[in-house]
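Student: See entry.csv below, with CSV, C-alpha atoms.
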```csv
chain,number,residue,atom,x,y,z
C,1,MET,CA,146.5,63.4,-63.5
C,2,LEU,CA,149.8,64.3,-61.8
C,3,PHE,CA,151.5,61.4,-63.5
C,4,ILE,CA,150.2,62.4,-66.9
C,5,ALA,CA,151.3,66.0,-66.3
C,6,ALA,CA,154.7,64.8,-65.3
C,7,VAL,CA,155.0,62.7,-68.5
C,8,LEU,CA,153.9,65.7,-70.7
C,9,ILE,CA,156.4,68.0,-69.0
C,10,ALA,CA,159.1,65.3,-69.5
C,11,ILE,CA,158.3,65.2,-73.2
C,12,LEU,CA,158.4,68.9,-73.4
C,13,PHE,CA,161.7,68.9,-71.6
C,14,ILE,CA,163.2,66.5,-74.1
C,15,ALA,CA,161.6,68.3,-77.1
C,16,LEU,CA,163.1,71.6,-75.9
C,17,ARG,CA,166.5,70.0,-75.3
C,18,GLY,CA,168.2,72.8,-77.3
C,19,PRO,CA,166.8,75.8,-75.4
C,20,VAL,CA,166.9,74.0,-72.1
C,21,SER,CA,170.6,73.1,-72.6
C,22,ALA,CA,171.5,76.7,-71.5
C,23,LEU,CA,169.5,76.1,-68.3
C,24,ILE,CA,171.3,72.8,-67.8
C,25,SER,CA,174.6,74.4,-68.3
C,26,ARG,CA,173.8,77.2,-65.9
C,27,PHE,CA,173.0,74.7,-63.1
C,28,SER,CA,176.0,72.5,-63.6
C,29,TYR,CA,177.4,73.6,-60.2
C,30,LYS,CA,181.0,72.9,-61.2
C,31,HIS,CA,182.2,75.3,-58.6
C,32,VAL,CA,180.6,73.3,-55.7
C,33,ASP,CA,182.0,69.9,-54.7
C,34,GLY,CA,179.2,67.7,-53.4
C,35,LEU,CA,176.3,70.1,-53.9
C,36,ASP,CA,173.8,67.9,-52.1
C,37,ALA,CA,175.9,67.5,-48.9
C,38,VAL,CA,176.8,71.2,-48.9
C,39,THR,CA,173.2,72.2,-49.2
C,40,ASP,CA,172.1,69.8,-46.5
C,41,ARG,CA,174.7,71.2,-44.0
C,42,PHE,CA,173.8,74.9,-44.8
C,43,VAL,CA,170.0,74.4,-44.6
C,44,GLY,CA,170.4,72.1,-41.6
C,45,ASP,CA,172.4,74.7,-39.7
C,46,TYR,CA,169.9,77.4,-40.3
C,47,LYS,CA,167.0,75.3,-39.0
C,48,LYS,CA,168.7,75.4,-35.6
C,49,ASP,CA,167.9,78.8,-34.2
C,50,ASP,CA,169.1,78.6,-30.6
C,51,ASN,CA,171.6,81.2,-29.5
C,52,ASP,CA,174.6,78.9,-29.4
C,53,LYS,CA,174.1,77.9,-33.0
C,54,ASP,CA,173.6,81.5,-34.1
C,55,ASN,CA,176.8,82.6,-32.3
C,56,ALA,CA,178.6,79.7,-34.0
C,57,ARG,CA,177.4,80.8,-37.4
C,58,ARG,CA,178.4,84.4,-36.7
C,59,ALA,CA,181.9,83.2,-35.7
C,60,VAL,CA,182.5,81.7,-39.2
C,61,TYR,CA,180.5,84.4,-41.1
C,62,THR,CA,183.0,84.5,-44.0
C,63,LYS,CA,182.5,80.8,-44.7
C,64,THR,CA,178.7,81.1,-44.2
C,65,THR,CA,178.5,83.9,-46.7
C,66,GLU,CA,180.7,82.3,-49.3
C,67,THR,CA,178.8,79.0,-49.0
C,68,PHE,CA,175.5,80.9,-49.4
C,69,TYR,CA,176.5,82.6,-52.6
C,70,ASN,CA,178.1,79.5,-54.0
C,71,LEU,CA,174.7,77.8,-53.6
C,72,ILE,CA,172.5,80.6,-54.9
C,73,THR,CA,174.4,82.5,-57.6
C,74,ASP,CA,173.3,80.3,-60.5
C,75,PHE,CA,169.7,80.8,-59.4
C,76,TYR,CA,170.1,84.5,-59.0
C,77,GLU,CA,171.6,85.0,-62.4
C,78,TYR,CA,168.8,82.8,-64.0
C,79,GLY,CA,165.8,84.4,-62.2
C,80,TRP,CA,167.0,87.8,-61.2
C,81,GLY,CA,169.9,89.0,-63.4
C,82,GLN,CA,173.4,90.0,-62.6
C,83,SER,CA,172.5,92.6,-60.0
C,84,PHE,CA,171.8,90.8,-56.8
C,85,HIS,CA,169.7,93.5,-55.1
C,86,PHE,CA,166.1,94.8,-54.9
C,87,GLY,CA,165.2,98.0,-56.7
C,88,PRO,CA,162.3,100.5,-56.5
C,89,LYS,CA,160.0,100.2,-59.5
C,90,TRP,CA,157.3,102.4,-61.0
C,91,ALA,CA,154.4,100.7,-62.6
C,92,SER,CA,155.4,101.8,-66.1
C,93,GLU,CA,158.9,100.4,-65.8
C,94,THR,CA,160.3,96.9,-66.4
C,95,PHE,CA,162.2,95.2,-63.7
C,96,GLU,CA,165.4,95.7,-65.5
C,97,GLN,CA,164.7,99.5,-66.0
C,98,GLY,CA,164.1,99.9,-62.3
C,99,ILE,CA,167.3,98.1,-61.4
C,100,LYS,CA,169.4,100.3,-63.8
C,101,ARG,CA,167.7,103.5,-62.7
C,102,TYR,CA,168.5,102.6,-59.0
C,103,GLU,CA,172.1,101.9,-59.8
C,104,HIS,CA,172.5,105.2,-61.7
C,105,TRP,CA,170.9,107.0,-58.8
C,106,PHE,CA,173.5,105.3,-56.5
C,107,ALA,CA,176.3,106.5,-58.6
C,108,SER,CA,174.9,110.1,-58.7
C,109,GLN,CA,174.6,110.2,-54.9
C,110,ILE,CA,178.3,109.8,-54.5
C,111,GLY,CA,179.2,112.0,-57.5
C,112,ALA,CA,180.8,109.1,-59.4
C,113,LYS,CA,182.6,110.4,-62.5
C,114,LYS,CA,185.6,109.7,-64.7
C,115,GLY,CA,188.8,109.8,-62.8
C,116,MET,CA,187.3,108.9,-59.5
C,117,ARG,CA,188.3,105.7,-57.7
C,118,ILE,CA,185.2,104.1,-56.2
C,119,LEU,CA,184.7,101.1,-54.0
C,120,ASP,CA,182.0,98.5,-54.7
C,121,VAL,CA,181.3,96.9,-51.3
C,122,GLY,CA,180.4,93.2,-51.8
C,123,CYS,CA,180.4,93.5,-55.6
C,124,GLY,CA,178.9,90.1,-56.4
C,125,ILE,CA,179.4,89.1,-60.0
C,126,GLY,CA,179.7,92.8,-61.0
C,127,GLY,CA,176.3,93.7,-62.3
C,128,PRO,CA,176.1,97.1,-60.6
C,129,LEU,CA,179.8,97.7,-61.2
C,130,ARG,CA,179.4,97.3,-64.9
C,131,GLU,CA,176.3,99.5,-65.0
C,132,ILE,CA,177.8,102.2,-62.8
C,133,TRP,CA,181.0,102.1,-64.9
C,134,ARG,CA,178.9,102.7,-68.1
C,135,PHE,CA,177.1,105.5,-66.4
C,136,SER,CA,180.1,107.3,-64.9
C,137,GLN,CA,183.3,105.9,-66.4
C,138,ALA,CA,184.7,105.9,-62.8
C,139,THR,CA,187.5,103.5,-61.8
C,140,ILE,CA,185.8,100.9,-59.6
C,141,THR,CA,187.3,98.4,-57.3
C,142,GLY,CA,185.0,95.5,-56.3
C,143,VAL,CA,185.6,93.7,-53.1
C,144,ASN,CA,184.0,90.3,-52.4
C,145,ILE,CA,184.6,87.3,-50.2
C,146,THR,CA,183.4,84.7,-52.8
C,147,LYS,CA,186.0,83.4,-55.3
C,148,GLU,CA,183.4,82.3,-57.8
C,149,HIS,CA,181.9,85.8,-57.9
C,150,ILE,CA,185.3,87.4,-58.6
C,151,GLN,CA,186.0,84.9,-61.4
C,152,ARG,CA,182.6,85.5,-63.1
C,153,ALA,CA,182.9,89.3,-62.7
C,154,ILE,CA,186.3,89.3,-64.4
C,155,ARG,CA,184.9,87.1,-67.2
C,156,TYR,CA,181.8,89.3,-67.7
C,157,ASN,CA,183.9,92.5,-67.6
C,158,ALA,CA,186.0,91.2,-70.4
C,159,ARG,CA,182.9,90.2,-72.4
C,160,ASP,CA,181.4,93.7,-72.0
C,161,SER,CA,184.7,95.5,-72.6
C,162,VAL,CA,184.7,97.1,-69.2
C,163,THR,CA,188.1,98.5,-68.6
C,164,GLY,CA,190.0,100.2,-65.7
C,165,CYS,CA,188.2,98.3,-63.0
C,166,ASP,CA,189.6,95.7,-60.7
C,167,PHE,CA,188.6,93.2,-58.0
C,168,ILE,CA,189.9,92.2,-54.6
C,169,GLN,CA,188.8,88.9,-53.0
C,170,ALA,CA,188.6,89.8,-49.3
C,171,ASP,CA,186.4,90.3,-46.3
C,172,PHE,CA,184.9,93.8,-46.4
C,173,ASN,CA,185.8,94.0,-42.7
C,174,GLU,CA,189.5,93.8,-43.6
C,175,ILE,CA,190.1,95.4,-47.0
C,176,PRO,CA,193.7,95.2,-48.0
C,177,VAL,CA,194.3,98.8,-49.1
C,178,PRO,CA,195.8,101.8,-47.3
C,179,ASP,CA,193.8,104.4,-45.4
C,180,ASN,CA,192.1,107.1,-47.4
C,181,THR,CA,192.2,105.2,-50.7
C,182,PHE,CA,188.7,105.7,-52.3
C,183,GLU,CA,186.9,108.8,-53.3
C,184,GLY,CA,183.5,107.2,-52.9
C,185,ALA,CA,181.8,103.9,-52.2
C,186,TYR,CA,178.5,102.1,-52.6
C,187,ASP,CA,176.9,99.2,-50.8
C,188,MET,CA,174.0,97.6,-52.6
C,189,GLU,CA,172.6,95.2,-49.9
C,190,ALA,CA,176.1,93.7,-49.2
C,191,THR,CA,176.7,94.7,-45.6
C,192,LEU,CA,173.5,92.9,-44.6
C,193,HIS,CA,175.8,89.9,-44.4
C,194,SER,CA,177.8,91.7,-41.7
C,195,THR,CA,177.6,90.2,-38.2
C,196,ASP,CA,179.1,93.4,-36.7
C,197,ARG,CA,178.1,96.5,-38.6
C,198,ALA,CA,180.0,98.8,-36.3
C,199,ARG,CA,183.2,97.0,-37.4
C,200,THR,CA,182.2,97.0,-41.0
C,201,PHE,CA,181.3,100.7,-41.1
C,202,LYS,CA,184.5,101.7,-39.4
C,203,GLU,CA,186.5,99.8,-42.0
C,204,LEU,CA,184.6,101.6,-44.8
C,205,PHE,CA,185.3,104.9,-43.0
C,206,ARG,CA,189.0,104.0,-42.9
C,207,VAL,CA,189.4,103.3,-46.6
C,208,LEU,CA,187.5,106.4,-47.7
C,209,LYS,CA,189.2,109.8,-48.3
C,210,PRO,CA,188.0,112.8,-46.2
C,211,GLY,CA,185.0,114.3,-47.8
C,212,ALA,CA,184.1,111.0,-49.7
C,213,LYS,CA,180.6,109.7,-49.6
C,214,LEU,CA,179.2,106.3,-49.1
C,215,VAL,CA,175.7,105.3,-50.2
C,216,SER,CA,174.3,102.1,-48.6
C,217,ALA,CA,171.1,100.1,-49.0
C,218,GLN,CA,170.2,98.5,-45.7
C,219,TYR,CA,167.7,95.9,-44.6
C,220,CYS,CA,165.9,97.7,-41.8
C,221,LEU,CA,163.0,96.7,-39.5
C,222,LEU,CA,160.1,99.1,-39.7
C,223,ASP,CA,157.8,100.6,-37.1
C,224,ALA,CA,155.2,97.8,-37.6
C,225,TYR,CA,157.7,95.2,-36.4
C,226,ASN,CA,157.1,94.0,-32.8
C,227,ASP,CA,159.9,92.0,-31.3
C,228,LYS,CA,157.4,90.5,-28.7
C,229,ASP,CA,155.3,89.1,-31.5
C,230,GLU,CA,156.4,85.5,-32.1
C,231,THR,CA,155.1,85.6,-35.7
C,232,HIS,CA,157.1,88.7,-36.5
C,233,ARG,CA,160.3,87.2,-35.0
C,234,GLU,CA,159.8,84.0,-37.0
C,235,ILE,CA,159.4,85.9,-40.3
C,236,ILE,CA,162.6,87.8,-39.8
C,237,ARG,CA,164.4,84.7,-38.6
C,238,GLN,CA,163.3,83.0,-41.9
C,239,ILE,CA,164.7,86.0,-43.9
C,240,ASP,CA,168.0,85.7,-42.1
C,241,ASN,CA,168.1,82.0,-42.4
C,242,PHE,CA,167.3,81.7,-46.1
C,243,ASN,CA,169.3,84.7,-47.1
C,244,GLY,CA,172.5,84.2,-45.1
C,245,CYS,CA,172.0,87.7,-43.5
C,246,TYR,CA,171.6,89.2,-40.0
C,247,CYS,CA,168.6,91.5,-40.0
C,248,HIS,CA,167.2,90.8,-36.5
C,249,GLY,CA,167.5,93.9,-34.4
C,250,ASN,CA,168.5,96.2,-37.2
C,251,THR,CA,166.2,99.1,-36.9
C,252,VAL,CA,166.5,102.4,-38.7
C,253,ALA,CA,167.7,104.0,-35.5
C,254,SER,CA,170.3,101.3,-34.7
C,255,THR,CA,171.6,101.5,-38.3
C,256,ALA,CA,172.0,105.3,-38.1
C,257,LYS,CA,173.8,104.9,-34.8
C,258,ALA,CA,176.2,102.4,-36.3
C,259,PHE,CA,177.1,104.9,-39.1
C,260,THR,CA,177.6,107.8,-36.8
C,261,ASP,CA,179.6,105.7,-34.3
C,262,ALA,CA,181.9,104.8,-37.1
C,263,GLY,CA,182.5,108.5,-37.7
C,264,PHE,CA,180.2,109.2,-40.6
C,265,LYS,CA,178.0,112.2,-41.0
C,266,ILE,CA,174.5,111.2,-42.3
C,267,ILE,CA,173.4,113.4,-45.1
C,268,MET,CA,170.2,111.6,-46.1
C,269,SER,CA,168.3,108.5,-45.2
C,270,GLU,CA,165.0,107.2,-46.6
C,271,ASP,CA,163.1,104.1,-47.6
C,272,VAL,CA,163.4,104.3,-51.4
C,273,PHE,CA,160.4,102.0,-51.8
C,274,ASP,CA,158.3,104.9,-50.5
C,275,THR,CA,160.0,107.7,-52.5
C,276,MET,CA,161.4,106.2,-55.7
C,277,GLY,CA,158.7,103.7,-56.8
C,278,SER,CA,155.1,102.7,-56.7
C,279,ILE,CA,155.4,98.9,-56.6
C,280,PRO,CA,156.0,97.2,-53.2
C,281,PHE,CA,159.4,95.4,-53.1
C,282,HIS,CA,157.8,92.0,-52.5
C,283,SER,CA,155.6,92.2,-55.6
C,284,VAL,CA,158.5,90.6,-57.5
C,285,PHE,CA,157.5,87.4,-55.6
C,286,VAL,CA,153.8,87.7,-56.1
C,287,ASP,CA,152.6,88.7,-59.5
C,288,LYS,CA,153.5,90.4,-62.9
C,289,THR,CA,153.6,93.9,-61.4
C,290,GLY,CA,157.0,92.9,-59.9
C,291,GLY,CA,158.3,92.3,-63.4
C,292,ARG,CA,160.0,88.9,-63.0
C,293,PHE,CA,158.0,85.8,-64.0
C,294,PHE,CA,160.4,83.4,-62.4
C,295,GLY,CA,160.0,85.2,-59.1
C,296,THR,CA,156.3,84.5,-58.9
C,297,LYS,CA,154.7,81.4,-57.5
C,298,LEU,CA,153.9,80.1,-61.0
C,299,GLY,CA,157.4,80.9,-62.3
C,300,ARG,CA,159.0,79.2,-59.3
C,301,ALA,CA,156.8,76.1,-59.8
C,302,VAL,CA,157.8,75.9,-63.5
C,303,THR,CA,161.5,76.1,-62.5
C,304,THR,CA,161.1,73.5,-59.7
C,305,THR,CA,159.4,71.1,-62.2
C,306,PHE,CA,162.3,71.4,-64.7
C,307,LEU,CA,164.9,71.0,-61.9
C,308,LYS,CA,163.2,67.9,-60.6
C,309,ILE,CA,163.1,66.3,-64.0
C,310,GLY,CA,166.7,67.4,-64.6
C,311,GLU,CA,167.8,65.7,-61.3
C,312,ALA,CA,165.7,62.6,-62.0
C,313,ILE,CA,167.4,62.0,-65.4
C,314,ARG,CA,170.8,63.0,-64.0
C,315,LEU,CA,171.3,66.1,-66.2
C,316,LEU,CA,171.5,68.2,-63.0
C,317,PRO,CA,173.4,67.5,-59.8
C,318,LYS,CA,171.5,66.2,-56.8
C,319,GLY,CA,170.8,69.0,-54.5
C,320,THR,CA,169.7,71.5,-57.1
C,321,VAL,CA,166.0,71.2,-56.1
C,322,GLU,CA,167.0,71.7,-52.5
C,323,VAL,CA,168.7,75.0,-53.3
C,324,GLN,CA,165.5,76.1,-55.2
C,325,ASN,CA,163.4,75.2,-52.2
C,326,MET,CA,165.7,77.3,-50.0
C,327,LEU,CA,165.1,80.3,-52.3
C,328,ILE,CA,161.3,79.7,-52.3
C,329,GLY,CA,161.5,79.9,-48.5
C,330,ALA,CA,163.3,83.2,-48.9
C,331,ALA,CA,160.7,84.6,-51.3
C,332,ASP,CA,157.8,83.5,-49.1
C,333,SER,CA,159.4,85.1,-46.0
C,334,PHE,CA,160.0,88.4,-47.9
C,335,THR,CA,156.4,88.4,-49.0
C,336,GLU,CA,155.2,87.9,-45.5
C,337,ALA,CA,157.5,90.7,-44.2
C,338,GLY,CA,156.3,93.0,-47.1
C,339,ASN,CA,152.7,92.4,-46.6
C,340,ARG,CA,153.0,93.2,-42.9
C,341,LYS,CA,155.3,96.1,-43.5
C,342,LEU,CA,157.9,94.6,-41.1
C,343,LEU,CA,161.0,95.3,-43.1
C,344,THR,CA,162.4,97.1,-46.1
C,345,PRO,CA,165.4,96.0,-48.2
C,346,GLY,CA,165.8,99.6,-49.4
C,347,TYR,CA,166.4,101.9,-46.4
C,348,VAL,CA,169.2,104.0,-48.0
C,349,PHE,CA,171.7,106.0,-46.1
C,350,LEU,CA,173.9,108.6,-47.8
C,351,VAL,CA,176.8,109.3,-45.4
C,352,GLU,CA,180.0,111.3,-45.6
C,353,LYS,CA,183.5,111.0,-44.1
C,354,PRO,CA,184.0,114.6,-42.7
C,355,ALA,CA,186.5,116.5,-44.7
C,356,ALA,CA,188.4,117.6,-41.6
C,357,THR,CA,189.2,114.0,-40.8
C,358,ALA,CA,192.9,113.4,-41.1
```
Show me, as structure tokens, the structure contained in the file I just sent.
Tutor:
Amino acid sequence: MLFIAAVLIAILFIALRGPVSALISRFSYKHVDGLDAVTDRFVGDYKKDDNDKDNARRAVYTKTTETFYNLITDFYEYGWGQSFHFGPKWASETFEQGIKRYEHWFASQIGAKKGMRILDVGCGIGGPLREIWRFSQATITGVNITKEHIQRAIRYNARDSVTGCDFIQADFNEIPVPDNTFEGAYDMEATLHSTDRARTFKELFRVLKPGAKLVSAQYCLLDAYNDKDETHREIIRQIDNFNGCYCHGNTVASTAKAFTDAGFKIIMSEDVFDTMGSIPFHSVFVDKTGGRFFGTKLGRAVTTTFLKIGEAIRLLPKGTVEVQNMLIGAADSFTEAGNRKLLTPGYVFLVEKPAATA
């Protein structure tokens, strides 16, 4: 039966060669030399969870983060869209509507408007930047460590006639601009890749003008998380491993302290999945209520089947399926964390650089 199913899928694959060509083009991985070997090294490193290996990964965090996004960006665009973040969603909304509403809300929290210069921390390929620009007409500078992201963001901005915005390829711990440059900033799940949030938040404090606000979505452990529970620790380790992030130990309290230690005043903090939506964040990986078919188990299975056939007939580079499997691991770990209420990807902090700061 499995053989027959595979043959039928292969026939369908060939019959739909035209529509599938876009999929093949998306997963060409021209920006990664030796995809299979790169994936093996990345996944292999993250299977080693001893402290020495963890410290070694943290020491080269810029390379780790850039490698992670070089591997997963094509999949994120294909299955998620151009905004690489979660978003609260009401039952009556589509996934895309929830994402846009969330981005508009972020812009409103910092008072983004025409004439303001805003920093997009870890801008990715510019999905939120373009939406917030349309909403506010602010001048937005996106900073990102990944060269491929910057190149795509520039291309998409030109396609969408987005003007007056620019990009800096740099580590957000060392942003090459003078003190007091920006009048506002937003961080949509970017600083979760920071190995030292105290350092990161101090750098964001430095580049903001006195009185400027930063709105930041953080991955935070919730009250149900028990660090003495091996199952809980393993779920969070999997989230860190499969997402190239560092959530372990990041509680709401420790995150708040990191902001205040950097000099910020906290204006507001809340889990937006409790206050701005009715659908649990992990539903996107479970069923249609999440609004993304390719995030569900069935959708992931369909994608994996096409990718396996694509690799087998050499239309896709070897290693594509392994990247998909890595992302399936991420989806499963998020689902476990969501079901157990161990973590939220949407604990949002609105903070301000005090106006008296020179």
Student: In Å, with one decimal, what is the gap from atom CA of Phe293 of chain C to atom CA of Gln97 of chain C?
Tutor: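 If I compute the distance from atom CA of Phe293 of chain C to atom CA of Gln97 of chain C, I get 15.4 Å.
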Student: For Val207 of chain C, which residue among C:Glu131, C:Leu119, C:Thr251, C:Ala256 is the nearest when counting all atoms listed in the file?
Tutor: C:Leu119
Student: I need the residue nearest Leu342 of chain C from this list: C:Tyr219, C:Phe242, C:Phe264, C:Phe84. Use all atoms listed in the file for the distance.
Tutor: C:Tyr219
Student: In Å to one decimal, how far is atom CA of Phe182 of chain C from atom CA of Asp160 of chain C?
Tutor: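 Between atom CA of Asp160 of chain C and atom CA of Phe182 of chain C the gap works out to 24.2 Å.
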Student: What is the atom CA of Ile110 of chain C to atom CA of Lys213 of chain C distance in Å?
Tutor: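 So the answer is 5.4 Å.
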Student: Find the residues near Ser216 of chain C: any atom within 6 Å, counting all atoms listed in the file, skip ones fewer than 3 places away on the same chain, and give them as a PyMOL selection string.
Tutor: chain C and resi 186-187+348-349
Student: Return the single residue from C:Thr320, C:Asn325, C:Thr335, C:Thr260 that is closest to Phe285 of chain C, with distances computed using all atoms listed in the file.
Tutor: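 Closest to Phe285 of chain C, using all atoms listed in the file: C:Thr335.
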Student: Give me the residues near Lys114 of chain C as a PyMOL selection string, where near means some atom within 9 Å (using all atoms listed in the file) and where sequence neighbours in that chain fewer than 3 positions away do not count.
Tutor: chain C and resi 117+133+136-139
Student: Taking all atoms listed in the file into account, which of C:Ser108, C:Asn173, C:Asn243, C:Thr344 comes nearest Val323 of chain C?
Tutor: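 Of C:Ser108, C:Asn173, C:Asn243, C:Thr344, the one nearest Val323 of chain C, counting all atoms listed in the file, is C:Asn243.
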Student: If we count all atoms listed in the file, what is near Tyr76 of chain C at a cut-off of 12 Å, once residues fewer than 3 positions away on the same chain are taken out, given as a short mmCIF file (atom, residue, chain, number, x, y, z; two decimals) with C-alpha atoms, in the coordinates of the input?
Tutor:
```
data_model
loop_
_atom_site.label_atom_id
_atom_site.label_comp_id
_atom_site.auth_asym_id
_atom_site.auth_seq_id
_atom_site.Cartn_x
_atom_site.Cartn_y
_atom_site.Cartn_z
CA ARG C 26 173.80 77.20 -65.90
CA PHE C 27 173.00 74.70 -63.10
CA PHE C 68 175.50 80.90 -49.40
CA TYR C 69 176.50 82.60 -52.60
CA ASN C 70 178.10 79.50 -54.00
CA LEU C 71 174.70 77.80 -53.60
CA ILE C 72 172.50 80.60 -54.90
CA THR C 73 174.40 82.50 -57.60
CA GLY C 79 165.80 84.40 -62.20
CA TRP C 80 167.00 87.80 -61.20
CA GLY C 81 169.90 89.00 -63.40
CA GLN C 82 173.40 90.00 -62.60
CA SER C 83 172.50 92.60 -60.00
CA PHE C 84 171.80 90.80 -56.80
CA HIS C 85 169.70 93.50 -55.10
CA PHE C 86 166.10 94.80 -54.90
CA GLY C 124 178.90 90.10 -56.40
CA ILE C 125 179.40 89.10 -60.00
CA GLY C 127 176.30 93.70 -62.30
CA HIS C 149 181.90 85.80 -57.90
CA ASN C 243 169.30 84.70 -47.10
CA ARG C 292 160.00 88.90 -63.00
CA PHE C 294 160.40 83.40 -62.40
CA GLY C 295 160.00 85.20 -59.10
CA VAL C 323 168.70 75.00 -53.30
CA GLN C 324 165.50 76.10 -55.20
CA LEU C 327 165.10 80.30 -52.30
#
```
Student: Between C:Gly126, C:Gly211, C:Gly338, C:Gly310, which one has atoms that come closest to His232 of chain C, using all atoms listed in the file?
Tutor: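 Once distances to His232 of chain C are computed over all atoms listed in the file, the minimum belongs to C:Gly338.
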Student: Nearest residue to Met268 of chain C out of C:Tyr347, C:Gly290, C:Asp166, C:Ala355, using all atoms listed in the file?
Tutor: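 Of all the options, C:Tyr347 lies closest to Met268 of chain C.
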Student: With a distance cut-off of 8 Å and all atoms listed in the file, select the neighbouring residues of Asp287 of chain C, excluding the residue or stretch itself and same-chain residues fewer than 4 positions from it, and output the selection as a list in words.
Tutor: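 The filter keeps Ser283, Gly291, Phe293, Thr296 and Lys297 of chain C.
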Student: So that I can check the surroundings of Ala190 of chain C, please list as a list in words every protein, DNA and RNA residue that reaches within 8 Å of it, counting all atoms listed in the file and ignoring chain neighbours fewer than 3 positions away.
Tutor: Val121, Gly122, Cys123, Asp187, His193 and Ser194 of chain C
